[in-house]
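Reading through the structure tokens given below for one structure.
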Amino acid sequence: MRVCSIASGSSGNCIYIGDKDTNILIDAGISRKRIAEGLLAIGVRPQELDGIFITHEHTDHIQGVSMMVKMFDVPVYATGPTLDAIRRKDRQGVISMEHLYEVHPDRRIKFKNMEITPFSIPHDAADPVCYTVNTGKYKAGVVTDLGCYNNYITGHLEGSDILMLEANHDISMLEAGKYPYALKCRILGSKGHLSNEDSGKLLCRLLGKRLKYVFLAHLSKENNYPELAYQAVKCQIWEELGINELPFQMSVANRDVPSAIASLD
């Protein structure tokens, strides 16, 4: 299994997960050109994509969907309300019904040699989900764009070998920043985004012998810094569990260029 963040942040999100037989994207929130360049940079031809799994319909998660469908004839998977929203935003009518496949939270999808499971998340979108991807030998969990977490969410993520985990903002930076009050309330609310501290708390619940790689993802450009997110999450782990030397590799997913590849053979 290989996992790579092609882009991550409030300006666009796209995650690659694949192995020798299957190549998928979770979200396509950047341009078709950038997605193709990112894939080629990690040795994957865009024509080899088997599917794009969408978490929700916000622009930073679907911007490149229509052109990926048009150029590479790749199928798109999402919940019904999310697919409806994607079609409404497809003003040129590029995406036909034959490209769209509905998924349902908690219903596993056998996808070539992968088992992909959508699970519901609290976010201000039509019917948002995140995903786990299981090859039988390895499991990857992707969870961003959630205002809070609970036992249901941690239950889906437990046993992951690789995690893509939201660390969106520093609370003090957000509260003191220039965002309008209503937007601050949205981000801080139960259907907003996870702070660095909450990301660390969630990670504490997911630590296990299997966990090898963690990417901190979806950082706010205005209300966070990569080093701040990294240190805040690491500090939370130390405070809760007394662990100073992390037993896994942790890095921050880049905003504009592909991250390092988490690879398990």
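Ordering of the structure tokens sets the chain letters (A, B, ...); residue numbers start at 1 within each chain; ligands are numbered from 1 in the order shown.
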
Selection near A:Met67, 8 Å with only C-alpha atoms, sequence-local residues under 4 positions removed, as a PyMOL selection string: chain A and resi 31-32+71+94

Non-local contacts of A:Thr79 (6 Å; only C-alpha atoms; under 4 positions in same chain excluded) as a ChimeraX atom specification: /A:102-104

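In this model, the gap between atom CA of A:Asp145 and atom CA of A:Val76 comes to 19.5 Å.
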
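Within 10 Å of A:His156, once only C-alpha atoms are used and residues closer than 5 positions along the same chain are dropped, the contacting residues are Asp106, Thr117, Pro118, Phe119, Ser120, Cys130, Tyr131, Thr132, Gly141 and Asn151 of chain A.
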
Option closest in space to A:Gly200, from A:Ile54, A:Leu216, A:Ile162, A:Val233 [counting only C-alpha atoms]: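 Comparing A:Ile54, A:Leu216, A:Ile162, A:Val233 against A:Gly200, the winner is A:Val233.
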
Within 6 Å of stretch 3-22 of chain A, which residues of stretch 183-230 of chain A show up? Give each one with its shortest atom-to-atom distance in Å (one decimal) and the two atoms involved, counting only C-alpha atoms, rows by chain then rising residue number, as a Markdown table.
| residue | atom | partner | partner_atom | distance |
| --- | --- | --- | --- | --- |
| A:Ala217 | CA | A:Ser8 | CA | 5.9 |
| A:His218 | CA | A:Gly9 | CA | 3.8 |
| A:Leu219 | CA | A:Gly9 | CA | 5.0 |
| A:Ser220 | CA | A:Ser10 | CA | 5.7 |

Preceding selection exported with N, CA and C atoms as a CSV table (one decimal), in the first residue's frame:
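Listing of selection.csv after writing:
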chain,number,residue,atom,x,y,z
A,217,ALA,N,-3.2,16.9,8.3
A,217,ALA,CA,-3.7,17.3,7.0
A,217,ALA,C,-4.7,18.5,7.2
A,218,HIS,N,-5.0,19.1,6.0
A,218,HIS,CA,-6.0,20.2,5.9
A,218,HIS,C,-5.7,21.3,6.8
A,219,LEU,N,-4.4,21.8,6.9
A,219,LEU,CA,-4.1,22.9,7.7
A,219,LEU,C,-4.6,24.2,7.1
A,220,SER,N,-5.1,25.1,7.9
A,220,SER,CA,-5.5,26.4,7.5
A,220,SER,C,-4.3,27.2,7.1

Which residues are near A:Gln231? Cut-off 12 Å, only C-alpha atoms, ignore same chain within fewer than 5 positions. Put them as a CSV table (one decimal) with all heavy atoms, in the first residue's frame.
chain,number,residue,atom,x,y,z
A,167,ALA,N,-5.6,18.5,11.1
A,167,ALA,CA,-5.1,19.4,12.2
A,167,ALA,C,-5.3,20.8,11.6
A,167,ALA,O,-4.3,21.4,11.1
A,167,ALA,CB,-3.7,19.1,12.6
A,170,ASP,N,-4.9,26.5,14.8
A,170,ASP,CA,-4.5,26.8,16.2
A,170,ASP,C,-5.7,27.7,16.7
A,170,ASP,O,-6.0,28.8,16.1
A,170,ASP,CB,-3.2,27.5,16.2
A,170,ASP,CG,-2.9,28.1,17.6
A,170,ASP,OD1,-2.4,27.3,18.4
A,170,ASP,OD2,-3.1,29.3,17.8
A,196,ASN,N,-5.6,21.8,16.3
A,196,ASN,CA,-4.4,21.0,16.5
A,196,ASN,C,-4.5,20.1,17.8
A,196,ASN,O,-4.1,19.0,17.8
A,196,ASN,CB,-3.1,21.9,16.7
A,196,ASN,CG,-2.8,22.7,15.4
A,196,ASN,OD1,-3.2,22.2,14.3
A,196,ASN,ND2,-2.1,23.8,15.6
A,197,GLU,N,-5.0,20.7,18.8
A,197,GLU,CA,-5.2,20.0,20.1
A,197,GLU,C,-6.1,18.8,20.0
A,197,GLU,O,-5.9,17.7,20.5
A,197,GLU,CB,-5.6,21.0,21.2
A,197,GLU,CG,-4.6,22.0,21.6
A,197,GLU,CD,-4.4,23.1,20.6
A,197,GLU,OE1,-5.2,23.3,19.7
A,197,GLU,OE2,-3.3,23.8,20.7
A,199,SER,N,-6.9,17.3,17.3
A,199,SER,CA,-6.2,16.3,16.4
A,199,SER,C,-5.3,15.4,17.3
A,199,SER,O,-5.3,14.2,17.1
A,199,SER,CB,-5.4,17.0,15.3
A,199,SER,OG,-4.8,16.0,14.5
A,200,GLY,N,-4.5,16.0,18.2
A,200,GLY,CA,-3.7,15.2,19.1
A,200,GLY,C,-4.5,14.3,20.0
A,200,GLY,O,-4.1,13.2,20.2
A,216,LEU,N,-0.5,14.9,9.2
A,216,LEU,CA,-1.4,16.0,9.7
A,216,LEU,C,-1.9,16.7,8.4
A,216,LEU,O,-1.0,17.2,7.6
A,216,LEU,CB,-0.7,16.9,10.7
A,216,LEU,CG,-0.1,16.1,11.9
A,216,LEU,CD1,0.5,17.1,12.8
A,216,LEU,CD2,-1.2,15.3,12.6
A,224,ASN,N,-2.8,28.6,11.0
A,224,ASN,CA,-1.9,27.5,11.4
A,224,ASN,C,-0.6,27.6,10.7
A,224,ASN,O,-0.4,28.3,9.7
A,224,ASN,CB,-2.6,26.1,11.1
A,224,ASN,CG,-2.2,25.1,12.2
A,224,ASN,OD1,-1.4,25.2,13.0
A,224,ASN,ND2,-2.9,23.9,12.1
A,225,TYR,N,0.4,26.8,11.2
A,225,TYR,CA,1.7,26.7,10.6
A,225,TYR,C,2.1,25.2,10.7
A,225,TYR,O,1.7,24.5,11.7
A,225,TYR,CB,2.8,27.5,11.3
A,225,TYR,CG,2.6,29.0,11.2
A,225,TYR,CD1,2.1,29.7,12.3
A,225,TYR,CD2,2.8,29.7,10.0
A,225,TYR,CE1,2.0,31.1,12.3
A,225,TYR,CE2,2.6,31.1,10.0
A,225,TYR,CZ,2.2,31.7,11.1
A,225,TYR,OH,2.0,33.1,11.1
A,226,PRO,N,2.8,24.6,9.7
A,226,PRO,CA,3.1,23.2,9.8
A,226,PRO,C,3.9,22.8,11.1
A,226,PRO,O,3.5,21.8,11.7
A,226,PRO,CB,4.0,23.0,8.6
A,226,PRO,CG,3.5,24.0,7.6
A,226,PRO,CD,3.1,25.2,8.4
A,236,GLN,N,0.5,17.1,22.8
A,236,GLN,CA,-0.7,16.5,23.3
A,236,GLN,C,-0.5,15.0,23.6
A,236,GLN,O,-1.0,14.5,24.6
A,236,GLN,CB,-1.9,16.7,22.3
A,236,GLN,CG,-3.3,16.4,22.8
A,236,GLN,CD,-3.7,17.4,23.8
A,236,GLN,OE1,-3.6,18.6,23.6
A,236,GLN,NE2,-4.3,16.9,24.9
A,237,ILE,N,0.2,14.4,22.8
A,237,ILE,CA,0.5,13.0,23.0
A,237,ILE,C,1.4,12.8,24.3
A,237,ILE,O,1.2,11.9,25.1
A,237,ILE,CB,1.2,12.4,21.8
A,237,ILE,CG1,0.3,12.3,20.6
A,237,ILE,CG2,1.8,10.9,22.1
A,237,ILE,CD1,0.9,11.9,19.3
A,238,TRP,N,2.3,13.7,24.4
A,238,TRP,CA,3.2,13.7,25.6
A,238,TRP,C,2.4,13.9,26.9
A,238,TRP,O,2.5,13.2,27.9
A,238,TRP,CB,4.3,14.7,25.5
A,238,TRP,CG,5.2,14.6,26.7
A,238,TRP,CD1,6.3,13.8,26.9
A,238,TRP,CD2,5.2,15.5,27.9
A,238,TRP,NE1,6.9,14.0,28.1
A,238,TRP,CE2,6.2,15.1,28.7
A,238,TRP,CE3,4.4,16.6,28.2
A,238,TRP,CZ2,6.4,15.7,29.9
A,238,TRP,CZ3,4.6,17.2,29.4
A,238,TRP,CH2,5.6,16.8,30.3
A,239,GLU,N,1.5,14.9,26.8
A,239,GLU,CA,0.7,15.3,28.0
A,239,GLU,C,-0.3,14.2,28.4
A,239,GLU,O,-0.5,13.9,29.6
A,239,GLU,CB,-0.1,16.6,27.7
A,239,GLU,CG,0.7,17.8,27.7
A,239,GLU,CD,-0.1,19.1,27.5
A,239,GLU,OE1,-1.3,18.9,27.3
A,239,GLU,OE2,0.5,20.2,27.5
A,244,ASN,N,7.3,10.7,24.5
A,244,ASN,CA,8.0,11.8,24.0
A,244,ASN,C,8.6,11.4,22.6
A,244,ASN,O,8.5,12.2,21.6
A,244,ASN,CB,9.2,12.2,24.9
A,244,ASN,CG,9.9,13.4,24.4
A,244,ASN,OD1,9.3,14.3,23.8
A,244,ASN,ND2,11.2,13.5,24.7
A,246,LEU,N,8.0,9.6,19.4
A,246,LEU,CA,6.8,9.0,18.7
A,246,LEU,C,7.1,7.6,18.1
A,246,LEU,O,8.2,7.5,17.5
A,246,LEU,CB,6.4,9.9,17.6
A,246,LEU,CG,5.9,11.3,18.0
A,246,LEU,CD1,5.5,12.1,16.7
A,246,LEU,CD2,4.7,11.2,18.9
A,250,MET,N,5.6,10.8,11.7
A,250,MET,CA,4.6,11.9,11.6
A,250,MET,C,5.1,13.0,10.8
A,250,MET,O,6.2,13.5,11.0
A,250,MET,CB,4.1,12.4,13.0
A,250,MET,CG,2.9,13.3,12.9
A,250,MET,SD,2.1,13.7,14.5
A,250,MET,CE,3.4,14.7,15.3
A,251,SER,N,4.3,13.5,9.8
A,251,SER,CA,4.7,14.6,9.0
A,251,SER,C,3.4,15.4,8.7
A,251,SER,O,2.3,15.0,9.0
A,251,SER,CB,5.4,14.2,7.7
A,251,SER,OG,4.5,13.4,7.0
A,252,VAL,N,3.7,16.6,8.2
A,252,VAL,CA,2.6,17.5,7.8
A,252,VAL,C,2.4,17.5,6.3
A,252,VAL,O,3.4,17.7,5.6
A,252,VAL,CB,2.8,19.0,8.3
A,252,VAL,CG1,1.7,19.9,7.9
A,252,VAL,CG2,3.0,19.0,9.8

Proximity to A:Arg107 - best of A:Leu206, A:Ile24, A:Pro247, A:Val129, only C-alpha atoms: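 The closest residue to A:Arg107 is A:Val129.
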
Residue set, stretch 32-127 of chain A restricted to alpha helix (DSSP H), as a VMD selection string: chain A and resid 32 to 41 59 to 62 65 to 72 80 to 89

Point-to-point distance from atom CA of A:Tyr230 to atom CA of A:Arg210, Å rounded to tenths: 20.7 Å

Residues within 8 Å of A:Ile171, only C-alpha atoms, excluding chain neighbours under 3 positions, as a ChimeraX atom specification: /A:174-175,195-196,223

Selection export as a PDB file, in the first residue's frame, atoms kept: C-alpha atoms:
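Listed below is the output, part.pdb:
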ATOM      1  CA  LEU A 174      -8.165  31.681  14.762  1.00  0.00           C
ATOM      2  CA  GLU A 175      -9.746  33.657  17.602  1.00  0.00           C
ATOM      3  CA  SER A 195      -7.941  22.092  15.992  1.00  0.00           C
ATOM      4  CA  ASN A 196      -4.351  20.989  16.520  1.00  0.00           C
ATOM      5  CA  ASN A 223      -4.676  30.050  11.202  1.00  0.00           C
TER       6      ASN A 223
END

Best match for closeness to A:Gly242 among A:Leu228, A:Val257, A:Ala28, A:Cys204, counting only C-alpha atoms: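 Smallest separation from A:Gly242 among the options: A:Cys204.
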
DSSP-assigned strand (DSSP E or B) among stretch 68-206 of chain A, expressed as a ChimeraX atom specification: /A:76-78,100-102,109-111,114-120,129-134,139-143,162-166,169,195

Close residues, A:Phe53 itself excluded, 8 Å, only C-alpha atoms, min 3 positions apart in chain, as a ChimeraX atom specification: /A:24-27,76-78

Selected residue, from A:Pro128, A:Ile52, A:Lys137, A:His99, that lies nearest to A:Glu115 when counting only C-alpha atoms: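 Closest residue, counting only C-alpha atoms: A:Lys137.
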
Separation of atom CA of A:Asn254 from atom CA of A:Ala176, in Å and rounded to one decimal: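 Result for atom CA of A:Asn254 versus atom CA of A:Ala176: 24.4 Å, one decimal.
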